[in-house]
Amino acid sequence: MIFAENKAMKKIYIIIITLVLISVTVFFHHRKENRENLEMENFASLIADETDHEFETATTEILEKIKNDELFNSWVKNDNLPSDDSLLSYFKKQYFSNIELFNPYNIALTVCDSNTYIAFDNKPDIEYPCIEYFNDIFKFDSVAYINNGLYHIDDPMSNFYYIAKIDINGSQNLYFEFYKEKNVVPNLKNYSYGIYKNNILNYKLGNYYYPNNINNFISQTNGIHKGKKFKHFIFNDSSLNKTVVVSIESERWMRYVAPFSFIFLALLLAYFLFTYFEHDRKGTFKNSFHSKMQLTIVLTLTISFVAIGITSFLFLENNITKKTQIEQYKQANIIRNRLESNMLSENSLTNADYLYYLEETFFCDLNIYNLAGVLINSTLKNSKVLNDSIESHAYQAIFKEDAGYLVQNEMYDNEKCTSYYFPILDENNHLAAVLNVIYFDSKSEYDDQLSDFALNYINIIIVLLGISSIIVLLITRKTLKPLKIIEDQMGKVRLDGHNEPINFKGRDEIGALVEQYNNMCRQLEIAANKIARNERENAWREMARQVAHEIKNPLTPMQLNIEYLQILWDRKDPKFEENFKETLKSLLEQIETLSKIATAFSDYAKLPENVSTTFDLSELLKNTIKLYDVEENISISLIYNENEDWSMFADKNNLGRVFGNIIKNGIQAIGSEVGHIEVILNRLGEKYRIQITDNGCGIKEEDKKKVFFPNFTTKSSGMGVGLSVSQNIIQGMGGNISFASKEGIGTVFTIDIPILKEK
């Protein structure tokens with residue numbers, strides 16, 4: 001019954017945990033969805049709004065002050081303008097000292113005329129006419145005039161960009177450039193976005209293919225819109241005729257798989273902890289065949305899943321690497337062909353403009369080496385570790401071994417890259433130069449795919465393991481249920497009673513085991529009956545011998561006294577009357593002794609009558625202690641929890657008899673010495689435990705095995721049946737009585753009684 005209750009409680013716990021975890025998962029998924037929607041909305045607003053009104057107001061006022069600056073005007077008038085850096089330093093100190101407003105901006109100053117050229121960091125060898133450069137910005141970019149020479153440039157990369165123009169004289173212009181990156185931008189690896197102006201796609205970034213016209217999109221209204229694979233947020237700015245669409249790839253099923261994988265982990269952990277601590281069996285997984293079988297199957301599945309995952313990962317990595325190398329080889333070969341057709345015909349291998357064009361077209365870096373292996377052209381001229389000569393292995397392969405190409409991994413600026421070397425041939429198919437194509441992003445291109453695969457596979461493995469574990473638990477529980485029945489039944493096997501057979505219809509190995517168990521029970525019952533009969537016969541023989549011995553002891557003096565009286569009577573002895581009275585008194589005493597012997601053994605021969613009532617066990621112990629707490633040299637105390645319910649349904653008188661016997665024995669063991677008897681009442685699960693401890697003389701080691709035998713006693717008085725009767729009473733209630741004793745120190749009797757309630 002207790003097992004069934006525990007099993008039902010286990011199911012309830014599992015159901016409750018499952019419902020709670022599902023609710024928590026749905027809650028966090030909904031919360032994550034809302035947070036993602038808010039992030040998309042903020043990102044869209046960030047892209048759409050590229051103006052800084054506070055900056056615009058302050059800058060237009062500063063520009064007016066700069067135009068009227070006396071020192072600046074004197075420089076202009078005397079045609080004695082300082083360098084651009086000196087001018088910028090002067091203006092920053094005088095007008096742009098507001099740290100909170102201007103410090104976030106990068107400020108550049110350029111004084112342009114027809115003879116001024118500018119260069120860029122990524123193309124240091126290429127210079128552009130300064131006035132032409134700024135005119136192209138105003139002509140081709142989306143420019144909004146603010147005031148007083150300040151222009152706002154609509155940067156599709158969602159950054160703040162302003163240009164201020166001050167006309168110095170008819171031939172010179174001063175340009176301020178203000179640039180600030182927005183500081184709230186999500187991870188662009190996950191996002192795509194498109195910017196529409198006047199309904200036409202103006203700019204796009206990411207993996208999503210936006211239509212050229214916003215009217216062909218799934219919706220044109222503000223807010224969240226979900227497609228099959230992507231989720232979109234649309235933001236319309238009617239004042240600028242501008243629409244921003246932010247998109248994110250959304251694998252819906254994986255969003256639910258990942259949280260549920262943690263549900264399964266939590267459920268398995270909860271089941272493990274419940275099983276681990278159930279009934280204080282902390283060796284469950286060490287001693288339970290059921291648990292070992294489940295653990296073996298789950299570990300086998302785990303190892304299989306992990307092995308499959310590792311194999312798939314390596315296979316995918318190898319395929320991606322090969323595919324990437326093939327694509328890179330094809331692309332590098334195209335670059336080689338273009339160089340051979342375009343550059344060799346003009347004999348201009350050092351044409352930097354064309355090399356930069358190829359770099360921007362194919363998103364790779366290029367080096368060209370002459371026949372001596374010396375670098376003659378490169379797109380990596382800003383690299384601090386760029387060598388002026390070709391790498392040694394490449395030199396050996398191309399120049400010495402006449403290889404068609406060479407691919408190897410190299411390091412540039414502590415960054416790994418894939419490097420391809422191709423010979424460049426002239427019109428006569430003679431080696432003219434060596435092309436080196438470098439891909440810095442070749443590995444990172446597929447690292448994301450591999451990491452996504454690994455993450456998704458781990459989530460799937462956890463879910464599959466969770467499902468597999470549940471299936472294993474259910475199947476093994478059903479398969480091993482007969483073994484559990486056998487275990488429970490064997491735990492109930494009694495050597496002195498009838499054992500119920502197990503009803504099992506299976507004809508497999510477990511069925512054979514059940515049949516053997518049933519046969520064992522039948523044989524055990526036959527043997528138990530024989531043993532019980534023999535024990536009863538031996539007990540009665542011993543009882544008869546003991547009774548005969550006890551009765552014979554007083555009969556001998558009684559016979560002698562009667563014979564003595566007979567002699568006095570025959571002699572007509574005058575002392576007959578006096579001796580008769582004394583002999584009669586002695587005979588009465590011996591008869592009383594015989595009566596006591598008969599009563600004692602009569603009490604042992606019959607079990608105490610059982611009359612069960614509901615009573616308070618603590619009150620019974622207090623009353624029993626009060627009855628025996630009369631010795632001045634011995635104190636008796638009771639320790640228990642007064643707030644606990646100590647009620648039970650049993651024979652109150654028989655239990656009082658048990659406690660009284662043990663306490664009386666303790667008092668007799670202490671004797672005339674100063675001593676203490678301690679009674680402790682506890683509740684352990686579904687049973688009460690009473691421990692009665694004395695500090696008496698203890699029990700000798702050779703006497704311990706005889707303590708519960710009838711007619712055994714170490715005292716000069718008594719028949720020695722008290723503890724034997726007490727044991728019968730406790731065992732008859734389904735309890736247990738035991739003791740521990742050390743000679744000269746004391747004895748502890750422990751009584752465990754099941755908590756019985758009235759039905």
# chains A, B, ... in the order shown; residues from 1 in each chain; ligands from 1

call {"tool": "select_by_dssp", "arguments": {"residues": "range 25-117 of chain A", "states": "strand (DSSP E or B)", "output": "count of residues only"}}
result
8

call {"tool": "residues_around", "arguments": {"residues": "Pro501 in chain A", "least_positions_apart": "3", "cutoff": "12 Å", "atoms": "only C-alpha atoms", "output": "JSON, numbers by chain"}}
result
{"A": [485, 486, 488, 489, 490, 492, 493, 498, 504, 514, 515, 516, 517, 518, 519, 520, 521, 522, 523, 524, 525]}

call {"tool": "atom_distance", "arguments": {"atom1": "CA of Gln172 in chain A", "atom2": "CA of Ala58 in chain A"}}
result
24.7 Å

call {"tool": "residues_around", "arguments": {"residues": "Tyr628 in chain A", "least_positions_apart": "6", "cutoff": "8 Å", "atoms": "only C-alpha atoms", "output": "number ranges by chain"}}
result
A: 660, 663-664

call {"tool": "residues_around", "arguments": {"residues": "range 301-315 of chain A", "least_positions_apart": "2", "cutoff": "10 Å", "atoms": "only C-alpha atoms", "output": "number ranges by chain"}}
result
A: 295-299, 317-321, 450-451, 453-454, 457-458, 460-462, 464-465, 468-469

call {"tool": "write_last_selection", "arguments": {"atoms": "N, CA and C atoms", "output": "short mmCIF file (atom, residue, chain, number, x, y, z; two decimals), in the first residue's frame"}}
result
data_model
loop_
_atom_site.label_atom_id
_atom_site.label_comp_id
_atom_site.auth_asym_id
_atom_site.auth_seq_id
_atom_site.Cartn_x
_atom_site.Cartn_y
_atom_site.Cartn_z
N LEU A 295 20.03 3.10 -17.01
CA LEU A 295 21.23 3.92 -17.20
C LEU A 295 22.06 3.39 -18.36
N THR A 296 22.15 2.07 -18.49
CA THR A 296 22.93 1.48 -19.59
C THR A 296 22.33 1.84 -20.94
N ILE A 297 21.00 1.74 -21.05
CA ILE A 297 20.33 2.05 -22.33
C ILE A 297 20.50 3.53 -22.66
N VAL A 298 20.28 4.41 -21.65
CA VAL A 298 20.39 5.85 -21.90
C VAL A 298 21.82 6.22 -22.28
N LEU A 299 22.81 5.65 -21.59
CA LEU A 299 24.21 5.94 -21.93
C LEU A 299 24.55 5.44 -23.32
N GLU A 317 31.91 19.55 -42.02
CA GLU A 317 33.06 20.45 -42.06
C GLU A 317 33.94 20.15 -43.27
N ASN A 318 34.16 18.89 -43.54
CA ASN A 318 34.99 18.49 -44.68
C ASN A 318 34.34 18.91 -45.99
N ASN A 319 33.01 18.70 -46.10
CA ASN A 319 32.30 19.08 -47.33
C ASN A 319 32.32 20.59 -47.55
N ILE A 320 32.09 21.33 -46.44
CA ILE A 320 32.08 22.79 -46.57
C ILE A 320 33.47 23.29 -46.96
N THR A 321 34.49 22.68 -46.32
CA THR A 321 35.86 23.09 -46.66
C THR A 321 36.16 22.83 -48.13
N LEU A 450 28.71 25.77 -39.23
CA LEU A 450 29.07 24.65 -38.36
C LEU A 450 28.58 24.88 -36.94
N SER A 451 28.71 26.10 -36.44
CA SER A 451 28.25 26.38 -35.08
C SER A 451 26.74 26.26 -34.98
N PHE A 453 24.89 24.35 -36.89
CA PHE A 453 24.61 22.91 -36.96
C PHE A 453 24.85 22.25 -35.60
N ALA A 454 25.99 22.59 -34.97
CA ALA A 454 26.32 21.99 -33.68
C ALA A 454 25.28 22.34 -32.62
N TYR A 457 21.98 20.62 -33.41
CA TYR A 457 22.08 19.17 -33.20
C TYR A 457 22.10 18.84 -31.71
N ILE A 458 22.78 19.69 -30.91
CA ILE A 458 22.79 19.46 -29.47
C ILE A 458 21.38 19.55 -28.90
N ILE A 460 18.59 19.04 -30.53
CA ILE A 460 17.83 17.88 -30.99
C ILE A 460 18.23 16.63 -30.20
N ILE A 461 19.54 16.49 -29.94
CA ILE A 461 20.01 15.33 -29.17
C ILE A 461 19.37 15.33 -27.78
N ILE A 462 19.34 16.49 -27.14
CA ILE A 462 18.76 16.56 -25.80
C ILE A 462 17.30 16.17 -25.82
N LEU A 464 15.76 14.31 -28.15
CA LEU A 464 15.68 12.87 -28.46
C LEU A 464 16.08 12.03 -27.25
N LEU A 465 17.10 12.47 -26.53
CA LEU A 465 17.49 11.75 -25.33
C LEU A 465 16.39 11.79 -24.28
N SER A 468 13.69 9.51 -25.58
CA SER A 468 14.18 8.13 -25.46
C SER A 468 14.21 7.69 -24.00
N SER A 469 14.63 8.59 -23.12
CA SER A 469 14.70 8.23 -21.70
C SER A 469 13.32 7.93 -21.14
#

call {"tool": "closest_residue", "arguments": {"among": "A:Ser45, A:Ser341, A:Glu359, A:Phe422", "to": "Asn222 in chain A", "atoms": "only C-alpha atoms"}}
result
A:Ser45

call {"tool": "closest_residue", "arguments": {"among": "A:Phe362, A:Arg571, A:Leu555, A:Glu340", "to": "Glu592 in chain A", "atoms": "only C-alpha atoms"}}
result
A:Leu555

call {"tool": "residues_around", "arguments": {"residues": "Lys242 in chain A", "least_positions_apart": "5", "cutoff": "8 Å", "atoms": "only C-alpha atoms", "output": "list of chain:residue names"}}
result
A:Ala48, A:Ile195, A:Tyr196, A:Lys197, A:Asn198, A:Asn199, A:Asn236, A:Asp237

call {"tool": "write_last_selection", "arguments": {"atoms": "N, CA and C atoms", "output": "mmCIF file, in the first residue's frame"}}
result
data_model
loop_
_atom_site.group_PDB
_atom_site.id
_atom_site.type_symbol
_atom_site.label_atom_id
_atom_site.label_comp_id
_atom_site.auth_asym_id
_atom_site.auth_seq_id
_atom_site.Cartn_x
_atom_site.Cartn_y
_atom_site.Cartn_z
ATOM 1 N N ALA A 48 15.906 54.564 -39.473
ATOM 2 C CA ALA A 48 15.091 55.606 -40.111
ATOM 3 C C ALA A 48 15.485 57.004 -39.645
ATOM 4 N N ILE A 195 16.098 49.626 -47.085
ATOM 5 C CA ILE A 195 15.643 51.012 -46.976
ATOM 6 C C ILE A 195 15.012 51.410 -48.307
ATOM 7 N N TYR A 196 13.760 51.812 -48.244
ATOM 8 C CA TYR A 196 13.023 52.249 -49.435
ATOM 9 C C TYR A 196 12.801 53.750 -49.365
ATOM 10 N N LYS A 197 13.043 54.402 -50.498
ATOM 11 C CA LYS A 197 12.734 55.827 -50.624
ATOM 12 C C LYS A 197 11.833 56.013 -51.830
ATOM 13 N N ASN A 198 10.695 56.643 -51.539
ATOM 14 C CA ASN A 198 9.666 56.796 -52.577
ATOM 15 C C ASN A 198 9.274 55.431 -53.150
ATOM 16 N N ASN A 199 9.173 54.440 -52.232
ATOM 17 C CA ASN A 199 8.733 53.072 -52.545
ATOM 18 C C ASN A 199 9.767 52.253 -53.319
ATOM 19 N N ASN A 236 7.412 53.064 -41.359
ATOM 20 C CA ASN A 236 7.179 54.066 -42.401
ATOM 21 C C ASN A 236 7.389 55.461 -41.835
ATOM 22 N N ASP A 237 8.227 56.255 -42.521
ATOM 23 C CA ASP A 237 8.427 57.667 -42.174
ATOM 24 C C ASP A 237 7.852 58.490 -43.314
#

call {"tool": "atom_distance", "arguments": {"atom1": "CA of Leu473 in chain A", "atom2": "CA of Gly685 in chain A"}}
result
27.6 Å

call {"tool": "residues_around", "arguments": {"residues": "Lys67 in chain A", "least_positions_apart": "5", "cutoff": "9 Å", "atoms": "only C-alpha atoms", "output": "PyMOL selection string"}}
result
chain A and resi 62+72-73+166-168

call {"tool": "residues_around", "arguments": {"residues": "range 324-332 of chain A", "least_positions_apart": "3", "cutoff": "12 Å", "atoms": "only C-alpha atoms", "output": "VMD selection string"}}
result
chain A and resid 316 to 321 335 to 339 358 to 359 361 to 367 404 to 409 417 to 424 435 to 447

call {"tool": "atom_distance", "arguments": {"atom1": "CA of Gly223 in chain A", "atom2": "CA of Glu41 in chain A"}}
result
8.0 Å
